[in-house]
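**Q** Before we start, here is the structure in question, set down as C-alpha coordinates.
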Amino acid sequence: MLHLFAVLVAVSTLILILAGGLVTSTGSGLAVPDWPNTYGWFMFSFPLDKMVGGIFYQHDHRLIATTVGFLILVHAFWLWRAEPRPWVRRLGWIALAAVVTQGVLGGITVLFFLPDPVSISHAGLAQVVFGLTVTIALVTSRGWAAGYVRHGRTPVDDAVLRTVAVTTTAPIYVQILIGATMRHTDAGLAIPDFPWVFGQLVPPQWDAKIAVHYAHRVGALVVS
(Lines give C-alpha, C1' and ligand atoms only; values in the text may rest on other atoms or scores of the structure.)
Protein backbone atom coordinates (compact mmCIF):
# COMPACT_ATOMS: atom_id res chain seq x y z
CA MET A 1 0.00 0.00 0.00
CA LEU A 2 2.84 2.40 0.79
CA HIS A 3 4.29 1.95 -2.70
CA LEU A 4 0.89 2.50 -4.35
CA PHE A 5 0.45 5.71 -2.36
CA ALA A 6 3.96 6.78 -3.39
CA VAL A 7 3.00 6.26 -7.05
CA LEU A 8 -0.16 8.34 -6.49
CA VAL A 9 1.95 11.14 -5.00
CA ALA A 10 4.36 11.05 -7.95
CA VAL A 11 1.55 11.15 -10.52
CA SER A 12 -0.16 13.97 -8.62
CA THR A 13 3.08 15.95 -8.62
CA LEU A 14 3.36 15.55 -12.39
CA ILE A 15 -0.20 16.85 -12.78
CA LEU A 16 0.75 19.82 -10.59
CA ILE A 17 3.71 20.63 -12.85
CA LEU A 18 1.46 20.47 -15.92
CA ALA A 19 -1.04 22.80 -14.23
CA GLY A 20 1.77 25.22 -13.39
CA GLY A 21 2.93 25.15 -17.00
CA LEU A 22 -0.58 26.07 -18.13
CA VAL A 23 -0.57 29.07 -15.78
CA THR A 24 2.61 30.39 -17.42
CA SER A 25 1.57 29.49 -20.97
CA THR A 26 -1.76 31.28 -20.66
CA GLY A 27 -0.26 34.32 -18.93
CA SER A 28 -2.43 33.71 -15.87
CA GLY A 29 0.24 34.23 -13.21
CA LEU A 30 -1.48 37.33 -11.81
CA ALA A 31 -5.08 36.37 -12.62
CA VAL A 32 -5.56 35.94 -8.85
CA PRO A 33 -3.76 38.89 -7.21
CA ASP A 34 -3.91 37.76 -3.57
CA TRP A 35 -2.43 34.78 -1.74
CA PRO A 36 -3.17 32.39 -0.05
CA ASN A 37 -6.81 33.44 -0.48
CA THR A 38 -8.50 33.90 -3.84
CA TYR A 39 -10.12 37.33 -4.12
CA GLY A 40 -10.60 37.21 -0.36
CA TRP A 41 -12.29 33.79 -0.44
CA PHE A 42 -10.89 30.76 1.35
CA MET A 43 -9.27 28.71 -1.40
CA PHE A 44 -11.63 25.73 -1.29
CA SER A 45 -14.78 27.84 -0.99
CA PHE A 46 -14.18 30.01 -4.04
CA PRO A 47 -17.34 29.87 -6.24
CA LEU A 48 -17.02 27.66 -9.30
CA ASP A 49 -18.94 30.13 -11.48
CA LYS A 50 -16.17 32.70 -10.91
CA MET A 51 -13.45 30.37 -12.22
CA VAL A 52 -13.28 31.89 -15.69
CA GLY A 53 -10.40 32.89 -17.97
CA GLY A 54 -7.03 33.08 -16.27
CA ILE A 55 -8.63 32.62 -12.85
CA PHE A 56 -9.52 29.06 -13.86
CA TYR A 57 -5.87 28.15 -14.53
CA GLN A 58 -4.40 30.00 -11.55
CA HIS A 59 -6.98 28.83 -9.02
CA ASP A 60 -6.88 25.24 -10.28
CA HIS A 61 -3.11 25.32 -9.86
CA ARG A 62 -3.53 26.41 -6.23
CA LEU A 63 -6.09 23.70 -5.51
CA ILE A 64 -3.91 21.00 -7.02
CA ALA A 65 -0.81 22.34 -5.22
CA THR A 66 -2.58 22.28 -1.86
CA THR A 67 -3.79 18.73 -2.48
CA VAL A 68 -0.31 17.55 -3.49
CA GLY A 69 1.19 19.24 -0.44
CA PHE A 70 -1.25 17.37 1.80
CA LEU A 71 -0.47 14.07 0.06
CA ILE A 72 3.27 14.60 0.54
CA LEU A 73 2.65 15.43 4.21
CA VAL A 74 0.77 12.15 4.70
CA HIS A 75 3.47 10.38 2.70
CA ALA A 76 6.27 11.69 4.95
CA PHE A 77 4.53 10.53 8.12
CA TRP A 78 3.67 7.15 6.57
CA LEU A 79 7.31 6.62 5.62
CA TRP A 80 8.36 7.66 9.13
CA ARG A 81 6.05 5.06 10.66
CA ALA A 82 6.40 2.16 8.20
CA GLU A 83 9.70 2.47 6.30
CA PRO A 84 12.67 0.69 7.93
CA ARG A 85 15.39 2.37 5.83
CA PRO A 86 16.50 5.70 7.39
CA TRP A 87 17.59 7.21 4.06
CA VAL A 88 14.16 6.60 2.53
CA ARG A 89 12.49 8.21 5.55
CA ARG A 90 14.78 11.21 5.08
CA LEU A 91 13.70 11.48 1.45
CA GLY A 92 10.10 11.79 2.65
CA TRP A 93 10.96 14.72 4.95
CA ILE A 94 13.08 16.37 2.26
CA ALA A 95 10.18 16.11 -0.20
CA LEU A 96 7.88 17.70 2.39
CA ALA A 97 10.30 20.56 3.04
CA ALA A 98 10.72 21.08 -0.71
CA VAL A 99 6.99 21.24 -1.44
CA VAL A 100 6.42 23.69 1.44
CA THR A 101 9.20 25.90 0.06
CA GLN A 102 7.62 25.54 -3.37
CA GLY A 103 4.31 26.83 -2.03
CA VAL A 104 5.98 29.81 -0.36
CA LEU A 105 7.82 30.67 -3.59
CA GLY A 106 4.51 30.49 -5.46
CA GLY A 107 2.98 32.95 -3.03
CA ILE A 108 5.95 35.33 -3.28
CA THR A 109 5.72 35.14 -7.06
CA VAL A 110 2.15 36.48 -6.95
CA LEU A 111 2.59 39.02 -4.16
CA PHE A 112 5.66 40.57 -5.79
CA PHE A 113 4.25 40.54 -9.36
CA LEU A 114 6.17 37.66 -10.94
CA PRO A 115 9.83 38.57 -10.26
CA ASP A 116 11.95 36.53 -12.68
CA PRO A 117 14.38 35.03 -10.11
CA VAL A 118 11.52 33.79 -7.91
CA SER A 119 9.51 32.46 -10.86
CA ILE A 120 12.57 30.62 -12.18
CA SER A 121 13.30 29.18 -8.71
CA HIS A 122 9.66 28.11 -8.44
CA ALA A 123 9.91 26.26 -11.76
CA GLY A 124 13.26 24.67 -10.93
CA LEU A 125 12.21 23.47 -7.49
CA ALA A 126 9.10 21.86 -9.00
CA GLN A 127 11.34 19.44 -10.89
CA VAL A 128 13.20 18.61 -7.67
CA VAL A 129 9.94 17.80 -5.88
CA PHE A 130 8.87 15.60 -8.78
CA GLY A 131 12.24 13.84 -8.82
CA LEU A 132 11.99 13.16 -5.09
CA THR A 133 8.48 11.70 -5.35
CA VAL A 134 9.48 9.50 -8.29
CA THR A 135 12.56 8.30 -6.38
CA ILE A 136 10.48 7.38 -3.35
CA ALA A 137 7.99 5.53 -5.55
CA LEU A 138 10.87 3.62 -7.13
CA VAL A 139 12.69 2.60 -3.96
CA THR A 140 9.50 1.46 -2.22
CA SER A 141 8.59 -0.90 -5.07
CA ARG A 142 8.90 -4.68 -4.88
CA GLY A 143 11.07 -4.69 -7.98
CA TRP A 144 13.61 -2.40 -6.33
CA ALA A 145 13.74 -4.57 -3.20
CA ALA A 146 14.08 -7.74 -5.24
CA GLY A 147 16.86 -6.30 -7.39
CA TYR A 148 18.74 -4.72 -4.53
CA VAL A 149 19.12 -7.87 -2.45
CA ARG A 150 19.37 -11.21 -4.23
CA HIS A 151 20.10 -14.41 -2.36
CA GLY A 152 20.92 -12.43 0.76
CA ARG A 153 23.78 -10.50 -0.87
CA THR A 154 24.05 -6.82 -1.72
CA PRO A 155 25.09 -6.29 -5.37
CA VAL A 156 28.43 -4.68 -6.17
CA ASP A 157 28.40 -0.89 -6.22
CA ASP A 158 29.35 0.16 -9.77
CA ALA A 159 31.28 3.42 -9.33
CA VAL A 160 31.45 4.05 -13.07
CA LEU A 161 27.68 3.69 -13.49
CA ARG A 162 27.11 5.97 -10.51
CA THR A 163 29.40 8.62 -12.04
CA VAL A 164 27.66 8.36 -15.41
CA ALA A 165 24.26 8.71 -13.73
CA VAL A 166 25.31 11.89 -11.91
CA THR A 167 26.99 13.45 -14.94
CA THR A 168 23.89 12.74 -17.02
CA THR A 169 21.40 14.07 -14.51
CA ALA A 170 23.27 17.30 -13.72
CA PRO A 171 23.25 18.80 -17.25
CA ILE A 172 19.60 17.81 -17.68
CA TYR A 173 18.70 19.83 -14.59
CA VAL A 174 20.85 22.77 -15.73
CA GLN A 175 19.01 22.62 -19.05
CA ILE A 176 15.68 22.76 -17.19
CA LEU A 177 16.83 25.89 -15.35
CA ILE A 178 18.00 27.52 -18.58
CA GLY A 179 14.63 26.67 -20.16
CA ALA A 180 12.79 28.20 -17.20
CA THR A 181 14.95 31.33 -17.49
CA MET A 182 14.21 31.58 -21.22
CA ARG A 183 10.50 31.14 -20.58
CA HIS A 184 10.16 33.63 -17.73
CA THR A 185 12.32 36.29 -19.38
CA ASP A 186 10.33 36.05 -22.64
CA ALA A 187 13.40 34.95 -24.59
CA GLY A 188 11.60 32.21 -26.52
CA LEU A 189 11.69 34.19 -29.78
CA ALA A 190 14.98 36.02 -29.20
CA ILE A 191 16.37 33.89 -32.04
CA PRO A 192 13.66 33.72 -34.71
CA ASP A 193 15.04 30.96 -36.98
CA PHE A 194 15.87 27.29 -36.45
CA PRO A 195 18.14 25.34 -36.65
CA TRP A 196 20.28 28.29 -37.74
CA VAL A 197 20.87 31.36 -35.60
CA PHE A 198 20.14 34.50 -37.62
CA GLY A 199 21.23 32.44 -40.62
CA GLN A 200 24.50 31.44 -38.95
CA LEU A 201 25.87 28.87 -36.55
CA VAL A 202 26.73 31.43 -33.84
CA PRO A 203 24.77 34.63 -33.12
CA PRO A 204 26.29 37.64 -34.88
CA GLN A 205 24.98 39.87 -32.11
CA TRP A 206 24.37 39.32 -28.42
CA ASP A 207 22.13 40.47 -25.62
CA ALA A 208 20.81 38.77 -22.48
CA LYS A 209 17.82 37.14 -24.19
CA ILE A 210 19.82 35.91 -27.18
CA ALA A 211 22.44 34.47 -24.82
CA VAL A 212 19.83 32.56 -22.79
CA HIS A 213 18.08 31.27 -25.91
CA TYR A 214 21.36 30.17 -27.50
CA ALA A 215 22.48 28.50 -24.25
CA HIS A 216 19.23 26.53 -24.25
CA ARG A 217 19.89 25.28 -27.79
CA VAL A 218 23.46 24.31 -26.98
CA GLY A 219 22.26 22.69 -23.77
CA ALA A 220 19.81 20.56 -25.74
CA LEU A 221 22.69 19.18 -27.80
CA VAL A 222 24.77 18.51 -24.68
CA VAL A 223 21.87 16.72 -22.98
CA SER A 224 21.18 14.64 -26.11
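Ordering of the C-alpha coordinates sets the chain letters (A, B, ...), residue numbers begin anew at 1 in every chain, and ligands are numbered from 1 in the order given.
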Could you give me, as an MDAnalysis selection string, each residue of stretch 1-155 of chain A that DSSP assigns to alpha helix (DSSP H) when run on this structure's backbone?
**A** chainID A and resid 2:25 54:82 86:111 116:139 142:148
**Q** Please list as a list in words every residue within 12 Å of A:Pro117, counting only C-alpha atoms and excluding residues in the same chain fewer than 2 positions away.
**A**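 Once the adjacent positions are removed, what remains is Leu105, Gly106, Ile108, Thr109, Phe112, Phe113, Leu114, Pro115, Ser119, Ile120, Ser121, His122, Ala123, Gly124, Leu177, Ile178, Ala180, Thr181, Met182, Arg183, His184 and Thr185 of chain A.
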**Q** Find the nearest atom pair between each residue of stretch 15-81 of chain A and stretch 85-93 of chain A for residues within 7 Å, count only C-alpha atoms, give distances in Å to one decimal, sort rows by chain and ascending number, and present the table as CSV.
**A**
```
residue,atom,partner,partner_atom,distance
A:His75,CA,A:Gly92,CA,6.8
A:Ala76,CA,A:Gly92,CA,4.5
A:Leu79,CA,A:Arg89,CA,5.4
A:Trp80,CA,A:Arg89,CA,5.5
```
**Q** Quick one: residues within 12 Å of A:Thr135, only C-alpha atoms counted, chain neighbours fewer than 3 positions away excluded, as a VMD selection string?
**A** chain A and resid 3 6 to 7 9 to 10 87 to 89 91 to 92 94 to 95 128 to 132 138 to 141 144
**Q** Between atom CA of A:Val118 and atom CA of A:Ile17, what is the spacing in Å?
**A**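 Answer for the atom CA of A:Ile17 to atom CA of A:Val118 separation: 16.1 Å.
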